[in-house]
file query_23.txt (compact mmCIF, C-alpha atoms)
# COMPACT_ATOMS: atom_id res chain seq x y z
CA MET L 495 255.25 232.69 260.01
CA VAL L 496 257.37 235.83 260.12
CA THR L 497 259.81 236.03 257.22
CA LEU L 498 262.75 238.25 256.35
CA ASN L 499 260.47 240.18 253.97
CA ASP L 500 258.25 241.24 256.89
CA TYR L 501 261.23 242.65 258.76
CA LEU L 502 262.47 244.42 255.62
CA LEU L 503 259.01 245.90 255.04
CA VAL L 504 258.76 247.16 258.63
CA SER L 505 262.28 248.57 258.39
CA GLY L 506 261.43 250.28 255.11
CA LEU L 507 258.25 251.76 256.58
CA LEU L 508 260.22 253.15 259.53
CA PHE L 509 262.69 254.65 257.05
CA ALA L 510 259.78 256.15 255.10
CA ILE L 511 258.38 257.74 258.28
CA GLY L 512 261.77 259.27 259.05
CA PHE L 513 262.11 260.41 255.45
CA ALA L 514 258.68 262.08 255.55
CA GLY L 515 259.67 263.77 258.81
CA VAL L 516 262.81 265.24 257.25
CA LEU L 517 260.89 266.42 254.19
CA LEU L 518 257.77 267.80 255.86
CA ARG L 519 258.75 269.15 259.29
CA ARG L 520 260.36 272.56 259.70
CA ASN L 521 261.60 272.33 263.31
CA ILE L 522 265.29 271.41 263.23
CA ILE L 523 265.08 269.25 266.38
CA ILE L 524 262.21 267.19 264.94
CA ILE L 525 264.20 266.81 261.71
CA PHE L 526 267.09 265.49 263.79
CA MET L 527 264.78 262.96 265.50
CA ALA L 528 263.47 261.81 262.10
CA LEU L 529 267.10 261.33 261.04
CA GLU L 530 267.58 259.02 264.02
CA LEU L 531 264.53 257.01 262.91
CA MET L 532 266.09 256.52 259.47
CA LEU L 533 269.39 255.40 260.99
CA ASN L 534 267.60 252.84 263.16
CA ALA L 535 265.60 251.53 260.20
CA ALA L 536 268.89 250.69 258.48
CA ASN L 537 270.04 248.93 261.65
CA LEU L 538 266.89 246.81 261.75
CA SER L 539 267.39 245.51 258.23
CA LEU L 540 271.07 244.77 259.02
CA ILE L 541 270.07 242.69 262.05
CA GLY L 542 267.40 240.96 259.94
CA PHE L 543 269.97 239.94 257.34
CA SER L 544 272.38 238.90 260.10
CA ARG L 545 269.76 236.50 261.51
CA PHE L 546 268.83 235.25 258.03
CA ASN L 547 272.42 234.52 256.96
CA VAL L 548 273.08 231.60 259.33
CA GLN L 549 276.49 229.92 259.02
CA ASP L 550 277.39 226.86 261.09
CA GLY L 551 274.22 227.33 263.13
CA LEU L 552 275.16 230.88 264.20
CA PRO L 553 273.93 234.25 262.90
CA ASP L 554 276.36 236.49 261.03
CA PHE L 555 278.03 238.45 263.82
CA ASP L 556 279.88 240.78 261.43
CA ALA L 557 276.53 242.52 260.80
CA GLN L 558 275.87 242.87 264.53
CA VAL L 559 279.33 244.40 265.01
CA LEU L 560 278.54 246.82 262.18
CA VAL L 561 275.31 247.79 263.98
CA PHE L 562 277.33 248.29 267.17
CA PHE L 563 279.63 250.71 265.28
CA ILE L 564 276.64 252.50 263.75
CA ILE L 565 275.06 253.00 267.20
CA THR L 566 278.37 254.36 268.55
CA VAL L 567 278.81 256.79 265.67
CA ALA L 568 275.13 257.80 265.90
CA ALA L 569 275.51 258.63 269.59
CA ALA L 570 278.53 260.82 268.81
CA GLU L 571 276.60 262.39 265.93
CA VAL L 572 273.66 263.25 268.21
CA ALA L 573 275.99 264.95 270.69
CA VAL L 574 277.71 267.04 267.98
CA GLY L 575 274.44 267.80 266.18
CA LEU L 576 272.70 269.02 269.32
CA ALA L 577 275.72 271.16 270.20
CA ILE L 578 275.51 272.73 266.73
CA ILE L 579 271.75 273.33 267.23
CA VAL L 580 272.45 275.04 270.57
CA ALA L 581 275.14 277.22 268.97
CA LEU L 582 272.74 278.04 266.13
CA TYR L 583 269.96 278.92 268.58
CA ARG L 584 272.33 281.19 270.45
CA ALA L 585 273.16 283.04 267.22
CA LYS L 586 269.71 283.15 265.62
CA GLN L 587 267.18 282.63 268.47
CA THR L 588 265.23 280.15 266.37
CA THR L 589 265.05 276.43 265.54
CA HIS L 590 262.83 276.92 262.53
CA VAL L 591 264.67 276.04 259.32
CA GLU L 592 262.90 278.68 257.26
CA ASP L 593 264.34 281.41 259.50
CA ILE L 594 267.89 280.22 258.85
CA THR L 595 268.70 281.41 255.36
CA SER L 596 272.28 282.70 255.62
CA LEU L 597 273.50 280.20 253.04
CA LYS L 598 270.60 280.75 250.68
CA PHE L 599 271.64 281.97 247.25
CA MET X 803 258.79 234.86 267.60
CA SER X 804 255.08 234.45 267.09
CA PRO X 805 253.57 236.63 264.34
CA VAL X 806 251.22 238.23 266.88
CA LEU X 807 254.11 239.54 268.99
CA PHE X 808 256.07 240.59 265.90
CA TRP X 809 253.21 242.63 264.46
CA THR X 810 252.37 244.10 267.88
CA PHE X 811 255.90 245.42 268.40
CA ALA X 812 256.19 246.49 264.76
CA ALA X 813 252.90 248.40 265.10
CA ILE X 814 254.08 250.06 268.35
CA MET X 815 257.31 251.09 266.66
CA LEU X 816 255.62 252.45 263.52
CA VAL X 817 252.71 254.22 265.26
CA PHE X 818 254.97 255.99 267.74
CA GLY X 819 257.44 256.71 264.94
CA LEU X 820 254.57 258.44 263.15
CA MET X 821 253.71 260.31 266.36
CA VAL X 822 257.26 261.73 266.35
CA ILE X 823 256.63 263.60 263.13
CA VAL X 824 252.92 264.37 263.74
CA ASN X 825 253.15 265.85 267.25
CA ARG X 826 253.54 269.60 267.36
CA SER X 827 255.16 269.67 270.78
CA PRO X 828 258.89 268.72 270.74
CA VAL X 829 258.68 267.06 274.18
CA ALA X 830 255.84 264.78 273.02
CA SER X 831 257.90 263.94 269.93
CA ALA X 832 260.93 263.01 272.03
CA LEU X 833 258.84 260.78 274.32
CA SER X 834 257.23 259.07 271.31
CA LEU X 835 260.74 258.44 270.00
CA VAL X 836 261.60 256.58 273.25
CA VAL X 837 258.59 254.27 272.84
CA SER X 838 259.42 253.73 269.17
CA PHE X 839 262.98 252.72 270.09
CA LEU X 840 261.70 250.34 272.79
CA GLY X 841 259.58 248.59 270.12
CA LEU X 842 262.66 248.44 267.90
CA ALA X 843 264.69 246.87 270.72
CA ALA X 844 261.97 244.21 271.08
CA LEU X 845 262.32 243.46 267.35
CA TYR X 846 266.11 243.10 267.76
CA ILE X 847 265.55 240.63 270.60
CA SER X 848 263.07 238.72 268.42
CA LEU X 849 265.94 238.31 265.94
CA ASP X 850 268.13 236.72 268.66
CA ALA X 851 270.32 239.86 268.82
CA PHE X 852 270.08 240.25 272.60
CA PHE X 853 273.22 242.37 272.99
CA ILE X 854 272.15 244.84 270.29
CA GLY X 855 268.67 245.04 271.85
CA VAL X 856 270.10 245.92 275.26
CA ILE X 857 272.54 248.43 273.73
CA GLN X 858 269.64 249.99 271.83
CA ILE X 859 267.72 250.56 275.07
CA LEU X 860 270.77 251.84 276.97
CA VAL X 861 272.10 254.17 274.29
CA TYR X 862 268.95 255.41 272.53
CA ALA X 863 266.14 255.14 275.08
CA GLY X 864 268.60 256.21 277.78
CA ALA X 865 271.43 258.51 276.77
CA VAL X 866 270.30 260.00 273.46
CA MET X 867 266.77 260.71 274.68
CA VAL X 868 268.00 262.43 277.84
CA LEU X 869 270.21 264.57 275.61
CA PHE X 870 267.26 265.47 273.36
CA LEU X 871 264.99 266.33 276.31
CA PHE X 872 267.80 268.31 277.92
CA ILE X 873 268.32 270.40 274.78
CA ILE X 874 264.56 270.96 274.38
CA MET X 875 264.46 272.15 277.98
CA LEU X 876 267.56 274.32 277.48
CA LEU X 877 266.15 276.03 274.39
CA ASP X 878 262.74 276.37 276.09
CA LEU X 879 260.85 275.31 272.96
CA ARG X 880 257.12 275.74 273.12
CA THR X 881 254.55 274.09 270.93
CA GLU X 882 255.07 275.53 267.49
CA ALA X 883 252.61 278.08 266.31
CA LEU X 884 250.91 277.08 263.08
CA ARG X 885 252.64 278.79 260.22
CA LYS X 886 251.51 279.11 256.69
CA PRO X 887 252.90 275.93 255.12
CA ASN X 888 255.07 276.13 252.05
CA LEU X 889 252.65 274.39 249.68
CA MET X 890 255.26 273.65 247.04
CA ALA X 891 257.55 271.91 249.56
CA LEU X 892 254.60 270.04 251.10
CA PHE X 893 253.47 268.82 247.69
CA GLY X 894 256.99 267.79 246.66
CA GLY X 895 257.52 265.99 249.95
CA ALA X 896 254.23 264.09 249.61
CA VAL X 897 255.06 263.03 246.03
CA VAL X 898 258.56 261.80 246.93
CA PHE X 899 257.15 259.98 250.00
CA THR X 900 254.43 258.20 247.97
CA LEU X 901 256.87 257.13 245.25
CA PHE X 902 259.24 255.85 247.92
CA LEU X 903 256.45 253.75 249.49
CA LYS X 904 255.54 252.30 246.10
CA ILE X 905 259.14 251.27 245.38
CA LEU X 906 259.43 249.88 248.91
CA PHE X 907 256.39 247.60 248.48
CA ASP X 908 257.52 246.51 245.00
CA VAL X 909 261.00 245.63 246.24
CA SER X 910 260.03 243.88 249.46
CA TYR X 911 257.28 241.78 247.85
CA GLY X 912 259.43 241.05 244.79
CA PHE X 913 262.33 239.71 246.88
CA GLU X 914 261.91 235.94 246.44
CA GLY X 915 264.84 234.96 248.67
CA GLY X 916 263.30 236.65 251.69
CA ARG X 917 260.13 234.54 251.67
CA ALA X 918 261.83 231.53 253.26
CA ALA X 919 261.56 231.06 257.01
CA PHE X 920 264.53 232.10 259.14
CA PRO X 921 266.90 229.13 259.37
CA PRO X 922 267.13 227.70 262.89
CA ILE X 923 270.21 228.56 264.94
CA ASP X 924 271.91 226.37 267.52
CA ARG X 925 271.57 227.62 271.05
CA MET X 926 274.79 229.57 271.37
CA PRO X 927 276.78 227.88 274.12
CA GLN X 928 278.74 231.05 274.87
CA GLY X 929 275.94 233.56 274.40
CA ASP X 930 275.89 236.28 271.79
CA VAL X 931 277.87 238.81 273.86
CA TRP X 932 280.85 236.43 273.76
CA GLU X 933 280.46 235.95 270.00
CA ILE X 934 280.19 239.69 269.33
CA GLY X 935 283.20 240.33 271.56
CA MET X 936 285.29 237.78 269.66
CA THR X 937 284.23 239.28 266.31
CA LEU X 938 284.78 242.86 267.52
CA PHE X 939 288.21 242.41 269.12
CA GLY X 940 289.36 239.67 266.76
CA GLY X 941 288.39 240.68 263.26
CA HIS X 942 287.52 244.37 263.67
CA ASN X 943 290.14 245.65 266.08
CA LEU X 944 291.34 248.57 263.93
CA PRO X 945 287.81 249.95 263.25
CA PHE X 946 287.14 249.67 266.98
CA GLN X 947 290.13 251.87 267.79
CA VAL X 948 289.20 254.30 265.01
CA VAL X 949 285.73 254.61 266.56
CA GLY X 950 287.39 255.30 269.91
CA ALA X 951 289.35 258.18 268.32
CA LEU X 952 286.13 259.40 266.67
CA VAL X 953 284.27 259.54 269.99
CA LEU X 954 287.20 261.45 271.54
CA VAL X 955 287.20 263.96 268.67
CA ALA X 956 283.41 264.30 268.93
CA SER X 957 283.53 265.01 272.67
CA ILE X 958 286.26 267.64 272.19
CA GLY X 959 284.20 269.14 269.36
CA VAL X 960 281.09 269.33 271.54
CA VAL X 961 283.02 271.14 274.29
CA LEU X 962 284.43 273.60 271.75
CA LEU X 963 281.03 274.20 270.15
CA SER X 964 279.40 274.82 273.52
CA LYS X 965 281.84 277.54 274.50
CA ARG X 966 280.29 280.93 274.45
CA GLU X 967 283.01 282.63 272.44
CA LEU X 968 284.28 280.74 269.40
CA LYS X 969 287.83 281.80 268.67

call {"tool": "encode", "arguments": {"input": "query_23.txt", "output": "structure tokens"}}
result
Amino acid sequence: MVTLNDYLLVSGLLFAIGFAGVLLRRNIIIIFMALELMLNAANLSLIGFSRFNVQDGLPDFDAQVLVFFIITVAAAEVAVGLAIIVALYRAKQTTHVEDITSLKF
Amino acid sequence: MSPVLFWTFAAIMLVFGLMVIVNRSPVASALSLVVSFLGLAALYISLDAFFIGVIQILVYAGAVMVLFLFIIMLLDLRTEALRKPNLMALFGGAVVFTLFLKILFDVSYGFEGGRAAFPPIDRMPQGDVWEIGMTLFGGHNLPFQVVGALVLVASIGVVLLSKRELK
């Protein structure tokens, strides 16, 4: 039997993978992909709770609408983020975060 | 959904998610991300969220991935050369990651309420797209329009950022 806890565990593991990617990788595009993984892990737990919280024989659709909004905002975020990366590459000729130290104190 | 299918798709999602951060070539990472998102869409469908599953495939496995691959192609990124790793950062990252995993297991196995089976749902007579549409346009109309404005602002911002000369 698959329970809510299994979904939450899988979602947490996906978040942990994304988190490790952000902490350990140095290529800014890979960091961005790991960020997407973390965003989707949050979505998975939202959908899990939506299915678990059944009212009148129907899942909680407010959570699914929230996931819809998150996916929309994430798509816009990817477009803006990649445009910033392209602008950064044009200025610095690198996507390696350790080469970008203009803001370093 | 049967436990076998659930764990298969969860394993596909997690293994390819791991490949995203292990692969040294950005193109291989992006393609692993597509497979990981397909596994995630299967998990959404296993939770009776058919609309969200389809949207996940269309938006992430379709649009976002094409964007990623396009940018990788545009920047002409090769496989990274091995650099000397920053040992301090690596160590700190590993410690934070391990502690996070420990808390995650404690929390998800300590959550008593989540051990019950999923309650059964009636077969939705209208389908879940109808239900989501009613919720979206009925109860969340203002956020929907705000998101529309946000997407417009984002697209204008992308065009501005992509111009060669920023004035």

call {"tool": "interface_residues", "arguments": {"input": "query_23.txt", "of": "chain X", "to": "chain L", "cutoff": "7 Å", "atoms": "all atoms listed in the file", "output": "PyMOL selection string"}}
result
chain X and resi 805+812+816+819-820+823+828+846+849+854+866+892+895+899+903+906+910+916-921+923-924+934+937-938+953+956+959-960+963-964

call {"tool": "closest_residue", "arguments": {"input": "query_23.txt", "among": "X:Ala851, X:Ala844, X:Leu807, X:Ala832", "to": "L:Leu540", "atoms": "only C-alpha atoms"}}
result
X:Ala851

call {"tool": "atom_distance", "arguments": {"input": "query_23.txt", "atom1": "atom CA of X:Asp850", "atom2": "atom CA of X:His942"}}
result
21.4 Å

call {"tool": "atom_distance", "arguments": {"input": "query_23.txt", "atom1": "atom CA of X:Leu833", "atom2": "atom CA of X:Phe872"}}
result
12.2 Å

call {"tool": "atom_distance", "arguments": {"input": "query_23.txt", "atom1": "atom CA of X:Ala863", "atom2": "atom CA of X:Phe839"}}
result
6.4 Å

call {"tool": "closest_residue", "arguments": {"input": "query_23.txt", "among": "X:Phe818, X:Val829, X:Val897, X:Val948", "to": "X:Leu876", "atoms": "only C-alpha atoms"}}
result
X:Val829

call {"tool": "closest_residue", "arguments": {"input": "query_23.txt", "among": "X:Ile958, X:Ile874, X:Met890, X:Leu842", "to": "X:Val856", "atoms": "only C-alpha atoms"}}
result
X:Leu842

call {"tool": "decode", "arguments": {"input": "query_23.txt", "residues": "stretch 825-848 of chain X", "atoms": "N, CA and C atoms", "output": "PDB file, in the first residue's frame"}}
result
ATOM      1  N   ASN X 825      26.207  14.293 -13.914  1.00  0.00           N
ATOM      2  CA  ASN X 825      26.766  14.407 -15.254  1.00  0.00           C
ATOM      3  C   ASN X 825      27.631  15.652 -15.397  1.00  0.00           C
ATOM      4  N   ARG X 826      28.740  15.515 -16.103  1.00  0.00           N
ATOM      5  CA  ARG X 826      29.583  16.685 -16.311  1.00  0.00           C
ATOM      6  C   ARG X 826      29.173  17.453 -17.561  1.00  0.00           C
ATOM      7  N   SER X 827      28.489  16.780 -18.490  1.00  0.00           N
ATOM      8  CA  SER X 827      28.096  17.486 -19.705  1.00  0.00           C
ATOM      9  C   SER X 827      26.723  18.127 -19.510  1.00  0.00           C
ATOM     10  N   PRO X 828      26.577  19.437 -19.783  1.00  0.00           N
ATOM     11  CA  PRO X 828      25.288  20.106 -19.573  1.00  0.00           C
ATOM     12  C   PRO X 828      24.159  19.510 -20.402  1.00  0.00           C
ATOM     13  N   VAL X 829      24.465  19.035 -21.634  1.00  0.00           N
ATOM     14  CA  VAL X 829      23.405  18.472 -22.474  1.00  0.00           C
ATOM     15  C   VAL X 829      22.868  17.191 -21.841  1.00  0.00           C
ATOM     16  N   ALA X 830      23.766  16.331 -21.334  1.00  0.00           N
ATOM     17  CA  ALA X 830      23.325  15.102 -20.666  1.00  0.00           C
ATOM     18  C   ALA X 830      22.492  15.436 -19.439  1.00  0.00           C
ATOM     19  N   SER X 831      22.879  16.490 -18.710  1.00  0.00           N
ATOM     20  CA  SER X 831      22.091  16.908 -17.546  1.00  0.00           C
ATOM     21  C   SER X 831      20.687  17.310 -17.955  1.00  0.00           C
ATOM     22  N   ALA X 832      20.592  18.108 -19.030  1.00  0.00           N
ATOM     23  CA  ALA X 832      19.276  18.591 -19.468  1.00  0.00           C
ATOM     24  C   ALA X 832      18.401  17.413 -19.891  1.00  0.00           C
ATOM     25  N   LEU X 833      18.981  16.436 -20.601  1.00  0.00           N
ATOM     26  CA  LEU X 833      18.177  15.289 -21.042  1.00  0.00           C
ATOM     27  C   LEU X 833      17.768  14.419 -19.858  1.00  0.00           C
ATOM     28  N   SER X 834      18.635  14.292 -18.847  1.00  0.00           N
ATOM     29  CA  SER X 834      18.243  13.564 -17.632  1.00  0.00           C
ATOM     30  C   SER X 834      17.087  14.274 -16.941  1.00  0.00           C
ATOM     31  N   LEU X 835      17.116  15.612 -16.987  1.00  0.00           N
ATOM     32  CA  LEU X 835      16.044  16.381 -16.350  1.00  0.00           C
ATOM     33  C   LEU X 835      14.704  16.083 -17.022  1.00  0.00           C
ATOM     34  N   VAL X 836      14.702  15.907 -18.362  1.00  0.00           N
ATOM     35  CA  VAL X 836      13.449  15.567 -19.058  1.00  0.00           C
ATOM     36  C   VAL X 836      12.899  14.254 -18.526  1.00  0.00           C
ATOM     37  N   VAL X 837      13.760  13.222 -18.423  1.00  0.00           N
ATOM     38  CA  VAL X 837      13.300  11.910 -17.966  1.00  0.00           C
ATOM     39  C   VAL X 837      12.794  12.004 -16.532  1.00  0.00           C
ATOM     40  N   SER X 838      13.513  12.772 -15.709  1.00  0.00           N
ATOM     41  CA  SER X 838      13.093  12.947 -14.317  1.00  0.00           C
ATOM     42  C   SER X 838      11.705  13.577 -14.245  1.00  0.00           C
ATOM     43  N   PHE X 839      11.451  14.564 -15.105  1.00  0.00           N
ATOM     44  CA  PHE X 839      10.140  15.226 -15.092  1.00  0.00           C
ATOM     45  C   PHE X 839       9.055  14.309 -15.634  1.00  0.00           C
ATOM     46  N   LEU X 840       9.408  13.415 -16.565  1.00  0.00           N
ATOM     47  CA  LEU X 840       8.403  12.460 -17.050  1.00  0.00           C
ATOM     48  C   LEU X 840       7.992  11.521 -15.922  1.00  0.00           C
ATOM     49  N   GLY X 841       8.974  11.052 -15.110  1.00  0.00           N
ATOM     50  CA  GLY X 841       8.643  10.226 -13.951  1.00  0.00           C
ATOM     51  C   GLY X 841       7.764  10.978 -12.971  1.00  0.00           C
ATOM     52  N   LEU X 842       8.061  12.265 -12.791  1.00  0.00           N
ATOM     53  CA  LEU X 842       7.252  13.091 -11.885  1.00  0.00           C
ATOM     54  C   LEU X 842       5.822  13.215 -12.404  1.00  0.00           C
ATOM     55  N   ALA X 843       5.671  13.385 -13.722  1.00  0.00           N
ATOM     56  CA  ALA X 843       4.322  13.479 -14.302  1.00  0.00           C
ATOM     57  C   ALA X 843       3.557  12.184 -14.064  1.00  0.00           C
ATOM     58  N   ALA X 844       4.250  11.036 -14.146  1.00  0.00           N
ATOM     59  CA  ALA X 844       3.588   9.751 -13.867  1.00  0.00           C
ATOM     60  C   ALA X 844       3.118   9.709 -12.422  1.00  0.00           C
ATOM     61  N   LEU X 845       3.909  10.260 -11.494  1.00  0.00           N
ATOM     62  CA  LEU X 845       3.484  10.289 -10.089  1.00  0.00           C
ATOM     63  C   LEU X 845       2.264  11.188  -9.908  1.00  0.00           C
ATOM     64  N   TYR X 846       2.220  12.332 -10.623  1.00  0.00           N
ATOM     65  CA  TYR X 846       1.032  13.195 -10.550  1.00  0.00           C
ATOM     66  C   TYR X 846      -0.193  12.419 -11.009  1.00  0.00           C
ATOM     67  N   ILE X 847      -0.051  11.671 -12.119  1.00  0.00           N
ATOM     68  CA  ILE X 847      -1.201  10.944 -12.656  1.00  0.00           C
ATOM     69  C   ILE X 847      -1.610   9.843 -11.682  1.00  0.00           C
ATOM     70  N   SER X 848      -0.628   9.253 -10.967  1.00  0.00           N
ATOM     71  CA  SER X 848      -0.977   8.245  -9.965  1.00  0.00           C
ATOM     72  C   SER X 848      -1.769   8.850  -8.825  1.00  0.00           C
TER      73      SER X 848
END
